[in-house]
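Novice: I have a structure I would like to understand better, so I am pasting it below and will then ask my questions one at a time.
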Amino acid sequence: AAVPTSTELARIAEGLARIDYLLDNWDQITTVCKGMPDAVEEKQVATTTGVQRCTKSPLRVQQFIGASSTLDPLFKADKLMIRAQALVPDADAEAYTDAVDLYITKQQISSTMAYTSSWSGIENPNGSVEQIEDNLREAKKEVTETRQTLKTVVDLLKIPAAPPYM
């Protein structure tokens, strides 16, 4: 396959900026609030699961790590990274290959933990809000490690930094 263009490589830096944004705004991104019930509404509803209007939305994590849309800059970034191997100096070839392999693993684990967290709620046996939180904390740890390996790839390819994601 052809060596990627600078435009294609910029996707990796853009994806890194998106992951930085996710990690910097983790709670806001992974929490969805639908307002608070008023006094009349609370009287009309039989509370079986509480009146909490904010819930965790772990699948939002997948939207920032390239695991939910073909339009995401990190969608199939591993293939792009493999094609970029020729751009890495021989002295860094092993470190680059290790970083790409680790990125593939960490990105997949991050996606899996986000998915697992989304199914850890009270609607499933042994599920709870606390279980969602625990799994989401594990997902954040994996996303942090994904970010570190992605940064290594960007550095070894000498890709210019993308502007911060907004």
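Naming works like this for the structure tokens: A, B, ... for the chains as they're shown, residue 1 at the start of each chain, ligands 1 onward in shown order.
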Excluding Asp98 of chain A and any residue of its chain fewer than 5 positions from it, enumerate the residues within 12 Å of it, using only C-alpha atoms, and give them as a PDB file with N, CA, C and O atoms, in the first residue's frame.

Specialist:
ATOM      1  N   MET A  81      -1.524   3.711  10.258  1.00  0.00           N
ATOM      2  CA  MET A  81      -0.249   3.629  10.968  1.00  0.00           C
ATOM      3  C   MET A  81       0.657   2.563  10.367  1.00  0.00           C
ATOM      4  O   MET A  81       1.872   2.769  10.240  1.00  0.00           O
ATOM      5  N   ILE A  82       0.079   1.449   9.996  1.00  0.00           N
ATOM      6  CA  ILE A  82       0.869   0.371   9.386  1.00  0.00           C
ATOM      7  C   ILE A  82       1.442   0.841   8.052  1.00  0.00           C
ATOM      8  O   ILE A  82       2.613   0.599   7.745  1.00  0.00           O
ATOM      9  N   GLN A  85       4.623   3.014   8.337  1.00  0.00           N
ATOM     10  CA  GLN A  85       5.857   2.400   8.845  1.00  0.00           C
ATOM     11  C   GLN A  85       7.082   2.846   8.040  1.00  0.00           C
ATOM     12  O   GLN A  85       8.136   3.090   8.607  1.00  0.00           O
ATOM     13  N   ASP A  92      14.137   3.784  14.870  1.00  0.00           N
ATOM     14  CA  ASP A  92      12.891   3.839  15.652  1.00  0.00           C
ATOM     15  C   ASP A  92      11.860   2.806  15.220  1.00  0.00           C
ATOM     16  O   ASP A  92      10.744   2.791  15.740  1.00  0.00           O
ATOM     17  N   ALA A  93      12.225   1.958  14.263  1.00  0.00           N
ATOM     18  CA  ALA A  93      11.259   1.023  13.684  1.00  0.00           C
ATOM     19  C   ALA A  93      10.629   0.098  14.717  1.00  0.00           C
ATOM     20  O   ALA A  93       9.409  -0.109  14.726  1.00  0.00           O
ATOM     21  N   TYR A 103      -1.255   0.478  20.576  1.00  0.00           N
ATOM     22  CA  TYR A 103      -2.405   1.341  20.267  1.00  0.00           C
ATOM     23  C   TYR A 103      -3.608   0.489  19.870  1.00  0.00           C
ATOM     24  O   TYR A 103      -4.718   0.698  20.355  1.00  0.00           O
ATOM     25  N   ILE A 104      -3.390  -0.461  18.990  1.00  0.00           N
ATOM     26  CA  ILE A 104      -4.484  -1.326  18.523  1.00  0.00           C
ATOM     27  C   ILE A 104      -5.138  -2.028  19.721  1.00  0.00           C
ATOM     28  O   ILE A 104      -6.366  -2.044  19.848  1.00  0.00           O
ATOM     29  N   THR A 105      -4.314  -2.566  20.603  1.00  0.00           N
ATOM     30  CA  THR A 105      -4.824  -3.269  21.779  1.00  0.00           C
ATOM     31  C   THR A 105      -5.578  -2.326  22.712  1.00  0.00           C
ATOM     32  O   THR A 105      -6.707  -2.615  23.131  1.00  0.00           O
ATOM     33  N   THR A 149      -0.066   5.881  23.887  1.00  0.00           N
ATOM     34  CA  THR A 149       0.508   5.166  22.750  1.00  0.00           C
ATOM     35  C   THR A 149       0.294   5.942  21.453  1.00  0.00           C
ATOM     36  O   THR A 149       1.168   5.952  20.590  1.00  0.00           O
ATOM     37  N   LEU A 150      -0.841   6.600  21.342  1.00  0.00           N
ATOM     38  CA  LEU A 150      -1.103   7.417  20.152  1.00  0.00           C
ATOM     39  C   LEU A 150      -0.116   8.582  20.085  1.00  0.00           C
ATOM     40  O   LEU A 150       0.393   8.920  19.006  1.00  0.00           O
ATOM     41  N   THR A 152       2.905   8.573  21.230  1.00  0.00           N
ATOM     42  CA  THR A 152       4.177   7.982  20.801  1.00  0.00           C
ATOM     43  C   THR A 152       4.208   7.836  19.287  1.00  0.00           C
ATOM     44  O   THR A 152       5.208   8.177  18.639  1.00  0.00           O
ATOM     45  N   VAL A 153       3.125   7.364  18.699  1.00  0.00           N
ATOM     46  CA  VAL A 153       3.043   7.214  17.242  1.00  0.00           C
ATOM     47  C   VAL A 153       3.193   8.576  16.565  1.00  0.00           C
ATOM     48  O   VAL A 153       3.961   8.723  15.610  1.00  0.00           O
ATOM     49  N   LEU A 156       6.844   9.706  16.832  1.00  0.00           N
ATOM     50  CA  LEU A 156       7.762   8.955  15.967  1.00  0.00           C
ATOM     51  C   LEU A 156       7.557   9.289  14.489  1.00  0.00           C
ATOM     52  O   LEU A 156       8.506   9.256  13.708  1.00  0.00           O
TER      53      LEU A 156
END

Novice: With only C-alpha atoms as the counted atoms, please give the residues lying no more than 10 Å from Thr112 of chain A, apart from itself and same-chain residues fewer than 5 positions off, as a JSON list (two decimals) with C-alpha atoms, in the first residue's frame.

Specialist:
[["chain", "number", "residue", "atom", "x", "y", "z"],
["A", 59, "LEU", "CA", -20.85, 4.87, 24.67],
["A", 62, "GLN", "CA", -16.43, 5.27, 21.60],
["A", 67, "ALA", "CA", -14.88, 3.12, 17.41],
["A", 106, "LYS", "CA", -5.57, -0.26, 24.00],
["A", 107, "GLN", "CA", -8.07, 1.27, 21.59],
["A", 117, "SER", "CA", -20.03, -0.10, 31.19],
["A", 118, "SER", "CA", -23.09, 0.75, 29.12],
["A", 139, "ALA", "CA", -12.49, 2.69, 30.50],
["A", 142, "GLU", "CA", -7.63, 2.46, 29.11]]

Novice: Just give me the gap between atom CA of Ala114 of chain A and atom CA of Pro58 of chain A in Å, one decimal is fine.

Specialist: 5.1 Å

Novice: Which residues are near segment 119-128 of chain A? Cut-off 12 Å, only C-alpha atoms, ignore same chain within fewer than 5 positions. Put them as a list in words.

Specialist: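 Selected residues are Thr48, Thr49, Gly50, Thr55, Lys56, Ser57, Pro58, Leu59, Thr112, Met113, Ala114, Glu133, Asp134, Asn135 and Leu136 of chain A.
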
Novice: Need to verify the contact set: Arg60 of chain A, 12 Å, only C-alpha atoms, exclusion of same-chain residues closer than 3 positions in sequence. Can you return it as a PyMOL selection string?

Specialist: chain A and resi 19+22-23+25-32+56-57+63-69+110-111+113-115+117-118+136+139-140

Novice: How about saving the chosen residues, N, CA, C and O atoms kept, as a compact mmCIF listing (two decimals), in the first residue's frame?

Specialist:
# COMPACT_ATOMS: atom_id res chain seq x y z
N ILE A 19 -9.03 12.85 21.69
CA ILE A 19 -8.86 12.06 22.92
C ILE A 19 -8.46 12.98 24.07
O ILE A 19 -8.93 12.81 25.20
N LEU A 22 -11.57 14.58 25.22
CA LEU A 22 -12.37 13.61 25.98
C LEU A 22 -11.84 13.47 27.41
O LEU A 22 -12.61 13.56 28.37
N LEU A 23 -10.55 13.29 27.55
CA LEU A 23 -9.98 13.11 28.89
C LEU A 23 -10.10 14.38 29.73
O LEU A 23 -10.35 14.30 30.93
N ASN A 25 -12.46 16.55 29.56
CA ASN A 25 -13.87 16.84 29.81
C ASN A 25 -14.66 15.56 30.08
O ASN A 25 -15.83 15.46 29.70
N TRP A 26 -14.02 14.60 30.69
CA TRP A 26 -14.57 13.25 30.86
C TRP A 26 -15.97 13.25 31.46
O TRP A 26 -16.90 12.66 30.92
N ASP A 27 -16.13 13.91 32.61
CA ASP A 27 -17.43 13.86 33.30
C ASP A 27 -18.53 14.53 32.49
O ASP A 27 -19.65 14.01 32.41
N GLN A 28 -18.24 15.66 31.87
CA GLN A 28 -19.26 16.35 31.08
C GLN A 28 -19.65 15.53 29.85
O GLN A 28 -20.83 15.49 29.47
N ILE A 29 -18.69 14.87 29.24
CA ILE A 29 -18.97 14.09 28.02
C ILE A 29 -19.70 12.80 28.34
O ILE A 29 -20.60 12.39 27.61
N THR A 30 -19.33 12.17 29.44
CA THR A 30 -19.94 10.87 29.75
C THR A 30 -21.18 10.96 30.63
O THR A 30 -21.73 9.93 31.02
N THR A 31 -21.63 12.18 30.92
CA THR A 31 -22.85 12.36 31.71
C THR A 31 -23.90 13.05 30.87
O THR A 31 -23.62 14.07 30.24
N VAL A 32 -25.09 12.50 30.87
CA VAL A 32 -26.21 13.09 30.14
C VAL A 32 -27.28 13.44 31.17
O VAL A 32 -27.73 12.58 31.93
N LYS A 56 -24.98 8.19 33.29
CA LYS A 56 -23.73 8.04 32.57
C LYS A 56 -24.01 7.47 31.19
O LYS A 56 -24.86 6.61 31.02
N SER A 57 -23.30 7.99 30.23
CA SER A 57 -23.44 7.53 28.84
C SER A 57 -22.08 7.06 28.34
O SER A 57 -21.39 7.78 27.62
N GLN A 63 -17.25 7.36 20.67
CA GLN A 63 -17.34 8.41 19.66
C GLN A 63 -16.06 9.23 19.57
O GLN A 63 -15.86 9.92 18.58
N PHE A 64 -15.21 9.17 20.57
CA PHE A 64 -13.98 9.97 20.58
C PHE A 64 -12.73 9.15 20.30
O PHE A 64 -11.66 9.72 20.12
N ILE A 65 -12.84 7.84 20.24
CA ILE A 65 -11.65 7.01 20.04
C ILE A 65 -11.67 6.25 18.71
O ILE A 65 -10.85 5.37 18.49
N GLY A 66 -12.59 6.62 17.84
CA GLY A 66 -12.61 6.01 16.51
C GLY A 66 -13.33 4.70 16.43
O GLY A 66 -13.11 3.93 15.49
N ALA A 67 -14.22 4.42 17.37
CA ALA A 67 -14.88 3.12 17.41
C ALA A 67 -16.37 3.17 17.10
O ALA A 67 -17.07 2.18 17.30
N SER A 68 -16.86 4.31 16.60
CA SER A 68 -18.31 4.35 16.36
C SER A 68 -18.72 4.96 15.04
O SER A 68 -19.88 4.88 14.68
N SER A 69 -17.80 5.58 14.31
CA SER A 69 -18.19 6.23 13.07
C SER A 69 -17.07 6.16 12.04
O SER A 69 -15.89 6.36 12.37
N SER A 110 -10.36 -0.04 25.30
CA SER A 110 -11.13 1.16 25.67
C SER A 110 -12.56 1.06 25.16
O SER A 110 -13.51 1.33 25.89
N SER A 111 -12.70 0.66 23.92
CA SER A 111 -14.02 0.52 23.33
C SER A 111 -14.82 -0.56 24.04
O SER A 111 -16.01 -0.37 24.34
N MET A 113 -14.45 -1.66 27.14
CA MET A 113 -14.81 -1.25 28.50
C MET A 113 -15.96 -0.24 28.47
O MET A 113 -16.84 -0.28 29.33
N ALA A 114 -15.98 0.65 27.49
CA ALA A 114 -17.09 1.59 27.37
C ALA A 114 -18.38 0.82 27.10
O ALA A 114 -19.43 1.10 27.70
N TYR A 115 -18.32 -0.14 26.21
CA TYR A 115 -19.49 -0.95 25.89
C TYR A 115 -19.96 -1.74 27.11
O TYR A 115 -21.15 -1.78 27.43
N SER A 117 -19.46 -1.04 30.22
CA SER A 117 -20.03 -0.10 31.19
C SER A 117 -21.47 0.25 30.83
O SER A 117 -22.33 0.37 31.70
N SER A 118 -21.73 0.38 29.54
CA SER A 118 -23.09 0.75 29.12
C SER A 118 -24.12 -0.33 29.45
O SER A 118 -25.31 -0.05 29.54
N LEU A 136 -16.66 2.49 33.97
CA LEU A 136 -16.31 3.73 33.29
C LEU A 136 -14.94 4.24 33.74
O LEU A 136 -14.16 4.75 32.94
N ALA A 139 -12.55 2.20 31.88
CA ALA A 139 -12.49 2.69 30.50
C ALA A 139 -11.61 3.93 30.41
O ALA A 139 -10.81 4.07 29.47
N LYS A 140 -11.73 4.83 31.38
CA LYS A 140 -10.90 6.04 31.36
C LYS A 140 -9.42 5.70 31.47
O LYS A 140 -8.58 6.29 30.80

Novice: Find the spatial neighbours of Leu16 of chain A, counting only C-alpha atoms, within a cut-off of 10 Å - ignore same-chain residues fewer than 6 positions away - and output them as a list in words.

Specialist: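 Final neighbour list, sorted by chain and number: Ala10, Leu22, Phe64, Ile65, Pro73, Leu74, Thr146, Arg147, Gln148, Thr149, Leu150, Lys151, Val154, Ala161, Ala162, Pro164 and Tyr165 of chain A.
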
Novice: I need the residues from that last selection saved to file as a compact mmCIF listing (two decimals), in the first residue's frame (with C-alpha atoms), if you can.

Specialist:
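New file out-v1.txt:
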# COMPACT_ATOMS: atom_id res chain seq x y z
CA ALA A 10 -3.05 14.67 10.11
CA LEU A 22 -12.37 13.61 25.98
CA PHE A 64 -13.98 9.97 20.58
CA ILE A 65 -11.65 7.01 20.04
CA PRO A 73 -10.36 10.66 12.28
CA LEU A 74 -9.21 7.56 14.17
CA THR A 146 -4.54 4.68 24.38
CA ARG A 147 -3.70 8.39 24.36
CA GLN A 148 -0.12 7.69 25.51
CA THR A 149 0.51 5.17 22.75
CA LEU A 150 -1.10 7.42 20.15
CA LYS A 151 1.17 10.27 21.28
CA VAL A 154 2.56 10.94 16.49
CA ALA A 161 0.08 18.81 16.42
CA ALA A 162 -3.53 19.41 15.49
CA PRO A 164 -7.26 21.62 20.13
CA TYR A 165 -10.60 19.95 19.53

Novice: Rank nothing, just name the residue among A:Val61, A:Val3, A:Ile12, A:Ala86 nearest to Asp155 of chain A, using only C-alpha atoms.

Specialist: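 Going through A:Val61, A:Val3, A:Ile12, A:Ala86 one by one, the smallest distance to Asp155 of chain A is for A:Ile12.
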
Novice: DSSP on the backbone: what in chain A comes out helix (DSSP H, G or I), as a ChimeraX atom specification?

Specialist: /A:6-24,26-30,39-44,59-64,77-87,90-118,129-157

Novice: Hey, can you spit out that residue selection with C-alpha atoms as a short mmCIF file (atom, residue, chain, number, x, y, z; two decimals), in the first residue's frame?

Specialist:
data_model
loop_
_atom_site.label_atom_id
_atom_site.label_comp_id
_atom_site.auth_asym_id
_atom_site.auth_seq_id
_atom_site.Cartn_x
_atom_site.Cartn_y
_atom_site.Cartn_z
CA SER A 6 0.43 14.39 5.17
CA THR A 7 -3.35 14.96 5.02
CA GLU A 8 -3.98 11.35 5.97
CA LEU A 9 -1.39 11.51 8.77
CA ALA A 10 -3.05 14.67 10.11
CA ARG A 11 -6.04 12.46 10.99
CA ILE A 12 -3.91 10.79 13.65
CA ALA A 13 -2.99 14.12 15.25
CA GLU A 14 -6.63 15.21 15.03
CA GLY A 15 -7.67 11.99 16.76
CA LEU A 16 -5.12 12.66 19.50
CA ALA A 17 -6.61 16.13 20.01
CA ARG A 18 -10.08 14.54 20.29
CA ILE A 19 -8.86 12.06 22.92
CA ASP A 20 -7.22 14.92 24.84
CA TYR A 21 -10.55 16.74 24.78
CA LEU A 22 -12.37 13.61 25.98
CA LEU A 23 -9.98 13.11 28.89
CA ASP A 24 -10.05 16.81 29.84
CA TRP A 26 -14.57 13.25 30.86
CA ASP A 27 -17.43 13.86 33.30
CA GLN A 28 -19.26 16.35 31.08
CA ILE A 29 -18.97 14.09 28.02
CA THR A 30 -19.94 10.87 29.75
CA ALA A 39 -42.70 18.51 42.64
CA VAL A 40 -45.84 17.61 40.65
CA GLU A 41 -43.99 15.12 38.47
CA GLU A 42 -42.37 13.47 41.50
CA LYS A 43 -45.85 12.87 43.01
CA GLN A 44 -47.08 11.24 39.80
CA LEU A 59 -20.85 4.87 24.67
CA ARG A 60 -19.86 8.53 24.20
CA VAL A 61 -16.30 7.30 24.80
CA GLN A 62 -16.43 5.27 21.60
CA GLN A 63 -17.34 8.41 19.66
CA PHE A 64 -13.98 9.97 20.58
CA ALA A 77 -6.17 4.48 12.13
CA ASP A 78 -4.27 1.25 12.71
CA LYS A 79 -4.25 0.59 8.96
CA LEU A 80 -2.97 4.11 8.35
CA MET A 81 -0.25 3.63 10.97
CA ILE A 82 0.87 0.37 9.39
CA ARG A 83 1.13 2.08 5.99
CA ALA A 84 3.19 4.85 7.62
CA GLN A 85 5.86 2.40 8.85
CA ALA A 86 8.07 3.36 5.88
CA LEU A 87 8.24 6.95 7.18
CA ASP A 90 15.22 2.39 11.01
CA ALA A 91 16.49 3.28 14.49
CA ASP A 92 12.89 3.84 15.65
CA ALA A 93 11.26 1.02 13.68
CA GLU A 94 10.90 -1.38 16.60
CA ALA A 95 9.58 1.30 18.97
CA TYR A 96 7.09 2.34 16.29
CA THR A 97 5.86 -1.19 15.67
CA ASP A 98 5.46 -1.73 19.42
CA ALA A 99 3.54 1.54 19.76
CA VAL A 100 1.19 0.67 16.88
CA ASP A 101 0.55 -2.80 18.31
CA LEU A 102 -0.12 -1.34 21.75
CA TYR A 103 -2.40 1.34 20.27
CA ILE A 104 -4.48 -1.33 18.52
CA THR A 105 -4.82 -3.27 21.78
CA LYS A 106 -5.57 -0.26 24.00
CA GLN A 107 -8.07 1.27 21.59
CA GLN A 108 -9.96 -2.03 21.44
CA ILE A 109 -9.92 -2.44 25.23
CA SER A 110 -11.13 1.16 25.67
CA SER A 111 -14.02 0.52 23.33
CA THR A 112 -14.86 -2.78 25.01
CA MET A 113 -14.81 -1.25 28.50
CA ALA A 114 -17.09 1.59 27.37
CA TYR A 115 -19.49 -0.95 25.89
CA THR A 116 -19.33 -3.14 29.02
CA SER A 117 -20.03 -0.10 31.19
CA SER A 118 -23.09 0.75 29.12
CA VAL A 129 -25.07 2.79 39.00
CA GLU A 130 -21.90 1.98 40.96
CA GLN A 131 -21.04 -0.81 38.50
CA ILE A 132 -21.38 1.62 35.60
CA GLU A 133 -19.07 4.05 37.42
CA ASP A 134 -16.48 1.32 38.13
CA ASN A 135 -16.43 0.15 34.53
CA LEU A 136 -16.31 3.73 33.29
CA ARG A 137 -13.28 4.41 35.52
CA GLU A 138 -11.59 1.39 33.96
CA ALA A 139 -12.49 2.69 30.50
CA LYS A 140 -10.90 6.04 31.36
CA LYS A 141 -7.71 4.28 32.45
CA GLU A 142 -7.63 2.46 29.11
CA VAL A 143 -8.35 5.65 27.15
CA THR A 144 -5.47 7.35 28.99
CA GLU A 145 -3.16 4.51 27.94
CA THR A 146 -4.54 4.68 24.38
CA ARG A 147 -3.70 8.39 24.36
CA GLN A 148 -0.12 7.69 25.51
CA THR A 149 0.51 5.17 22.75
CA LEU A 150 -1.10 7.42 20.15
CA LYS A 151 1.17 10.27 21.28
CA THR A 152 4.18 7.98 20.80
CA VAL A 153 3.04 7.21 17.24
CA VAL A 154 2.56 10.94 16.49
CA ASP A 155 6.01 11.73 17.89
CA LEU A 156 7.76 8.95 15.97
CA LEU A 157 6.07 10.02 12.72
#

Novice: Running DSSP on the backbone, which parts of segment 16-155 of chain A land in strand (DSSP E or B), as a list in words?

Specialist: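 Secondary structure check on segment 16-155 of chain A, strand (DSSP E or B): Thr31, Val32, Cys33, Cys54, Thr55 and Lys56 of chain A.
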